[in-house]
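Q: Contents of entry-v8.tsv (TSV, C-alpha atoms) are below:
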chain	number	residue	atom	x	y	z
A	1	GLU	CA	128.11	82.16	157.65
A	2	ASP	CA	130.25	79.27	156.40
A	3	LYS	CA	127.83	78.74	153.52
A	4	THR	CA	127.93	82.44	152.67
A	5	VAL	CA	131.73	82.38	152.60
A	6	GLU	CA	131.73	79.33	150.33
A	7	VAL	CA	129.22	80.85	147.90
A	8	LEU	CA	131.00	84.21	147.86
A	9	SER	CA	134.36	82.56	147.21
A	10	GLU	CA	132.93	80.69	144.23
A	11	THR	CA	131.22	83.84	142.97
A	12	LEU	CA	134.38	85.93	143.11
A	13	LEU	CA	136.61	83.31	141.50
A	14	PRO	CA	135.80	84.18	137.85
A	15	ILE	CA	135.76	87.97	138.38
A	16	PRO	CA	139.42	88.61	137.36
A	17	SER	CA	139.02	86.70	134.09
A	18	MET	CA	135.69	88.45	133.43
A	19	TRP	CA	137.43	91.79	133.97
A	20	ASP	CA	140.19	90.92	131.53
A	21	GLN	CA	137.62	90.25	128.81
A	22	GLY	CA	136.87	93.97	128.64
A	23	SER	CA	139.07	96.43	126.77
A	24	ASP	CA	140.19	99.84	128.02
A	25	THR	CA	140.12	101.41	124.57
A	26	SER	CA	136.84	100.42	122.94
A	27	GLU	CA	133.15	99.96	123.60
A	28	GLU	CA	134.09	96.60	125.07
A	29	GLY	CA	135.18	98.65	128.07
A	30	LEU	CA	131.51	98.89	129.00
A	31	TRP	CA	131.94	95.28	130.03
A	32	LYS	CA	134.15	96.51	132.87
A	33	VAL	CA	131.42	98.91	133.96
A	34	ALA	CA	129.10	95.91	134.19
A	35	VAL	CA	131.67	94.04	136.31
A	36	LEU	CA	131.97	96.98	138.71
A	37	THR	CA	128.19	97.16	139.01
A	38	LEU	CA	128.00	93.43	139.64
A	39	LEU	CA	130.63	93.67	142.38
A	40	LYS	CA	128.70	96.45	144.09
A	41	GLU	CA	125.59	94.27	144.11
A	42	ILE	CA	127.63	91.38	145.53
A	43	VAL	CA	128.99	93.56	148.35
A	44	GLN	CA	125.49	94.77	149.19
A	45	ALA	CA	124.18	91.19	149.14
A	46	VAL	CA	126.90	90.00	151.51
A	47	GLY	CA	125.89	92.66	153.98
A	48	PHE	CA	127.92	94.59	156.51
A	49	GLU	CA	127.96	92.14	159.42
A	50	ASN	CA	129.48	88.97	157.96
A	51	ASN	CA	133.17	89.73	158.52
A	52	GLU	CA	134.35	86.31	157.39
A	53	ALA	CA	132.79	86.89	153.99
A	54	VAL	CA	133.70	90.57	153.73
A	55	ILE	CA	137.44	89.90	154.09
A	56	LEU	CA	137.32	87.95	150.82
A	57	LEU	CA	136.44	91.12	148.92
A	58	PRO	CA	139.57	93.36	149.07
A	59	PRO	CA	141.99	91.11	147.11
A	60	ILE	CA	139.52	91.02	144.21
A	61	VAL	CA	137.81	94.40	144.43
A	62	LEU	CA	140.55	96.87	145.38
A	63	PRO	CA	142.85	96.19	142.37
A	64	LEU	CA	139.91	96.82	140.03
A	65	ILE	CA	139.09	100.07	141.84
A	66	ALA	CA	142.74	101.10	141.59
A	67	HIS	CA	142.74	100.44	137.85
A	68	SER	CA	139.47	102.30	137.30
A	69	THR	CA	140.47	105.39	139.28
A	70	ASP	CA	143.93	105.80	137.75
A	71	ALA	CA	143.77	109.15	135.94
A	72	SER	CA	146.57	108.06	133.60
A	73	ASN	CA	144.42	105.18	132.40
A	74	GLU	CA	142.43	105.89	129.24
A	75	ALA	CA	139.47	104.01	130.70
A	76	HIS	CA	139.37	106.28	133.75
A	77	THR	CA	136.80	108.68	132.31
A	78	TYR	CA	134.03	106.11	131.96
A	79	LEU	CA	134.96	103.75	134.80
A	80	VAL	CA	135.57	106.22	137.62
A	81	ASP	CA	131.95	106.92	138.60
A	82	ASP	CA	131.05	103.24	138.97
A	83	ALA	CA	134.37	102.52	140.64
A	84	ALA	CA	133.76	105.30	143.17
A	85	SER	CA	130.30	103.92	143.93
A	86	LEU	CA	131.76	100.44	144.46
A	87	TRP	CA	134.60	101.87	146.56
A	88	SER	CA	132.13	103.68	148.80
A	89	THR	CA	130.07	100.52	149.29
A	90	VAL	CA	133.17	98.47	150.12
A	91	MET	CA	134.35	101.09	152.63
A	92	LEU	CA	131.09	100.78	154.53
A	93	ALA	CA	131.39	96.99	154.61
A	94	LEU	CA	135.01	96.53	155.68
A	95	PRO	CA	135.60	96.08	159.43
A	96	SER	CA	139.16	97.43	159.57
A	97	TYR	CA	141.79	99.55	157.85
A	98	SER	CA	144.42	98.01	155.58
A	99	PRO	CA	147.54	99.01	153.62
A	100	GLN	CA	145.62	98.48	150.37
A	101	LEU	CA	142.92	100.96	151.43
A	102	HIS	CA	145.60	103.37	152.59
A	103	GLU	CA	147.34	103.28	149.21
A	104	LEU	CA	144.12	104.06	147.37
A	105	PHE	CA	143.17	107.16	149.35
A	106	PRO	CA	144.97	109.87	147.27
A	107	ARG	CA	142.82	108.86	144.29
A	108	LEU	CA	139.90	110.53	146.09
A	109	GLU	CA	141.42	113.95	145.48
A	110	THR	CA	141.31	113.49	141.72
A	111	ILE	CA	137.78	112.10	141.87
A	112	ALA	CA	136.66	115.07	143.97
A	113	PHE	CA	138.01	117.53	141.40
A	114	ASP	CA	136.45	115.56	138.52
A	115	ALA	CA	133.12	115.53	140.36
A	116	SER	CA	133.19	119.21	141.33
A	117	ARG	CA	130.14	119.98	139.19
A	118	ASP	CA	128.19	116.90	140.26
A	119	PRO	CA	126.83	117.22	143.83
A	120	LYS	CA	125.83	113.56	143.93
A	121	GLN	CA	129.34	112.39	143.09
A	122	VAL	CA	130.92	114.84	145.56
A	123	ASN	CA	128.69	113.33	148.24
A	124	VAL	CA	130.04	109.88	147.35
A	125	VAL	CA	133.56	111.22	147.84
A	126	LEU	CA	132.64	112.72	151.21
A	127	GLN	CA	131.05	109.44	152.32
A	128	MET	CA	134.35	107.74	151.58
A	129	VAL	CA	136.28	110.44	153.46
A	130	GLU	CA	134.10	109.79	156.50
A	131	ALA	CA	134.64	106.04	156.23
A	132	TYR	CA	138.40	106.54	155.92
A	133	ILE	CA	138.46	108.75	159.01
A	134	LEU	CA	136.42	106.25	161.02
A	135	LEU	CA	138.57	103.29	159.91
A	136	GLY	CA	141.98	104.89	159.50
A	137	GLY	CA	142.02	107.85	161.87
A	138	ASP	CA	145.53	109.01	162.70
A	139	THR	CA	147.02	106.24	160.56
A	140	LEU	CA	145.45	107.81	157.49
A	141	LEU	CA	146.86	111.23	158.29
A	142	SER	CA	150.29	109.95	159.30
A	143	SER	CA	151.14	110.18	155.61
A	144	SER	CA	151.83	113.75	154.51
A	145	ARG	CA	150.62	112.84	151.01
A	146	HIS	CA	147.27	111.62	152.34
A	147	ALA	CA	146.86	114.55	154.72
A	148	GLN	CA	147.51	116.99	151.85
A	149	ALA	CA	145.00	115.20	149.62
A	150	LEU	CA	142.34	115.51	152.31
A	151	ARG	CA	143.15	119.19	152.86
A	152	ASN	CA	142.83	119.80	149.14
A	153	ILE	CA	139.44	118.10	149.04
A	154	PHE	CA	138.08	120.34	151.79
A	155	THR	CA	139.55	123.61	150.51
A	156	SER	CA	138.37	122.93	146.96
A	157	ILE	CA	134.77	122.69	148.15
A	158	ILE	CA	134.41	125.13	151.05
A	159	GLY	CA	133.22	128.45	149.68
A	160	HIS	CA	133.06	127.11	146.11
A	161	ALA	CA	130.13	124.71	146.03
A	162	ARG	CA	126.38	124.63	146.17
A	163	PRO	CA	124.97	125.02	149.70
A	164	THR	CA	123.86	121.38	149.92
A	165	VAL	CA	127.34	120.15	148.98
A	166	GLU	CA	129.09	122.64	151.25
A	167	LEU	CA	126.85	121.66	154.16
A	168	TYR	CA	127.77	118.00	153.72
A	169	THR	CA	131.44	119.00	153.50
A	170	LEU	CA	131.22	120.93	156.75
A	171	ARG	CA	129.61	117.95	158.47
A	172	THR	CA	132.42	115.74	157.20
A	173	LEU	CA	135.01	118.22	158.44
A	174	GLU	CA	133.28	118.30	161.82
A	175	LEU	CA	133.50	114.50	161.99
A	176	CYS	CA	137.23	114.73	161.28
A	177	LEU	CA	137.69	117.24	164.09
A	178	THR	CA	135.58	115.13	166.46
A	179	LYS	CA	137.47	111.91	165.78
A	180	LEU	CA	140.88	113.64	165.76
A	181	PRO	CA	140.54	116.34	168.45
A	182	GLN	CA	144.29	116.75	168.98
A	183	ASN	CA	145.67	116.62	165.44
A	184	GLY	CA	142.57	117.54	163.46
A	185	PRO	CA	142.85	121.34	163.85
A	186	ILE	CA	146.50	121.13	162.77
A	187	HIS	CA	145.84	118.98	159.71
A	188	PHE	CA	142.83	121.01	158.60
A	189	GLN	CA	143.95	124.53	159.46
A	190	MET	CA	143.72	125.65	155.83
A	191	ALA	CA	140.09	124.54	155.64
A	192	ILE	CA	139.41	126.28	158.95
A	193	LEU	CA	141.05	129.45	157.65
A	194	CYS	CA	138.82	129.30	154.55
A	195	ILE	CA	135.79	129.20	156.82
A	196	LEU	CA	137.10	132.06	158.94
A	197	GLU	CA	137.79	134.16	155.83
A	198	ASN	CA	134.27	133.54	154.55
A	199	VAL	CA	132.84	134.70	157.86
A	200	LEU	CA	135.07	137.79	158.16
A	201	GLU	CA	134.52	138.82	154.55
A	202	ALA	CA	130.76	138.47	154.96
A	203	ASP	CA	130.56	135.77	152.28
A	204	VAL	CA	128.47	133.99	154.85
A	205	ALA	CA	125.67	136.41	153.94
A	206	ASN	CA	125.42	134.65	150.59
A	207	SER	CA	125.08	131.24	152.23
A	208	THR	CA	122.03	129.47	153.59
A	209	SER	CA	121.31	129.54	157.31
A	210	GLU	CA	122.38	125.88	157.53
A	211	VAL	CA	125.78	126.67	156.00
A	212	GLN	CA	126.18	129.69	158.30
A	213	LEU	CA	125.49	127.42	161.27
A	214	GLY	CA	127.98	124.90	159.88
A	215	TYR	CA	130.69	127.58	159.67
A	216	LEU	CA	130.10	128.66	163.25
A	217	THR	CA	129.94	125.07	164.51
A	218	ILE	CA	133.37	124.31	163.05
A	219	LEU	CA	134.89	127.45	164.56
A	220	ALA	CA	133.30	126.75	167.93
A	221	ARG	CA	134.61	123.17	167.93
A	222	VAL	CA	138.14	124.35	167.15
A	223	CYS	CA	137.98	126.96	169.93
A	224	PHE	CA	136.60	124.38	172.36
A	225	HIS	CA	139.48	121.96	171.79
A	226	ASN	CA	142.11	124.68	171.98
Would you mind writing the file out in structure tokens?

A:
Amino acid sequence: EDKTVEVLSETLLPIPSMWDQGSDTSEEGLWKVAVLTLLKEIVQAVGFENNEAVILLPPIVLPLIAHSTDASNEAHTYLVDDAASLWSTVMLALPSYSPQLHELFPRLETIAFDASRDPKQVNVVLQMVEAYILLGGDTLLSSSRHAQALRNIFTSIIGHARPTVELYTLRTLELCLTKLPQNGPIHFQMAILCILENVLEADVANSTSEVQLGYLTILARVCFHN
């Protein structure tokens, strides 16, 4: 592991200067896409079990993700997809929650809305939501801003997406309720109400059997814990 840490440290050292070589306003910005892709490959190469090496990643990677997912940044439109993919990979690798991860979370709401027509990208967002819940739990939702962002993600998808995307969303919501049995139903009551409305208004008839089962599973879980 010591050798891995040494090699990773040397590999990451030039990344900030490489990033600065790319421009946000011209085709040179594609250089930054290449840097994000490289970082994803580095994270995957390090693996998810070498904690000593993994902890070297956030100081380098998270500022670049923050820059790339900033909607006010002109480069956002062509960096966000690769940044989200890198972000998802990093989330799976990190062993613990951190203030830097916490600060980034609201960016997911914007990415979810941008990706609303792309099921693959929505799934990346939901993977990150799951990782945040597993790592951050109640700490994540202690912020009203973060809790609202997560509520908005769920309510923007439930009843408004393709069945495959909605099914994944329901599974993610179920994970949230499982990991947060006391506060989950309170934080996600709007999403639960959306599900209940769909069932009562017979919109469920237009859904697949898997989505119907997902609706009923969520309602049953809420009733069970209350």

Q: Given only C-alpha atoms as the basis, pick out the residue of A:Asp82, A:Glu197, A:Asp2, A:Asp118 nearest to Ala34 of chain A.

A: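 Selected residue with least distance to Ala34 of chain A: A:Asp82.
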
Q: Can you work out the spacing between atom CA of Thr11 of chain A and atom CA of Leu57 of chain A in Å, to one decimal?

A: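 According to the coordinates, atom CA of Thr11 of chain A and atom CA of Leu57 of chain A are separated by 10.8 Å.
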
Q: Could you pull the residues within 8 Å of segment 98-109 of chain A, counting all atoms listed in the file, minus those fewer than 6 positions along the same chain, as a count of residues only?

A: 13

Q: If I take atom CA of Ile157 of chain A and atom CA of Thr77 of chain A, how far is one from the other in Å, to one decimal?

A: 21.2 Å

Q: Which residue out of A:Gly137, A:Pro95, A:Pro163, A:Pro63 has the minimum interatomic distance to Val211 of chain A when all atoms listed in the file are used?

A: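 Smallest distance to Val211 of chain A is found for A:Pro163.
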
Q: Please measure the separation of atom CA of Ser68 of chain A and atom CA of Glu52 of chain A, giving the value in Å to one decimal.

A: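 Here the two named atoms are 26.2 Å from each other.
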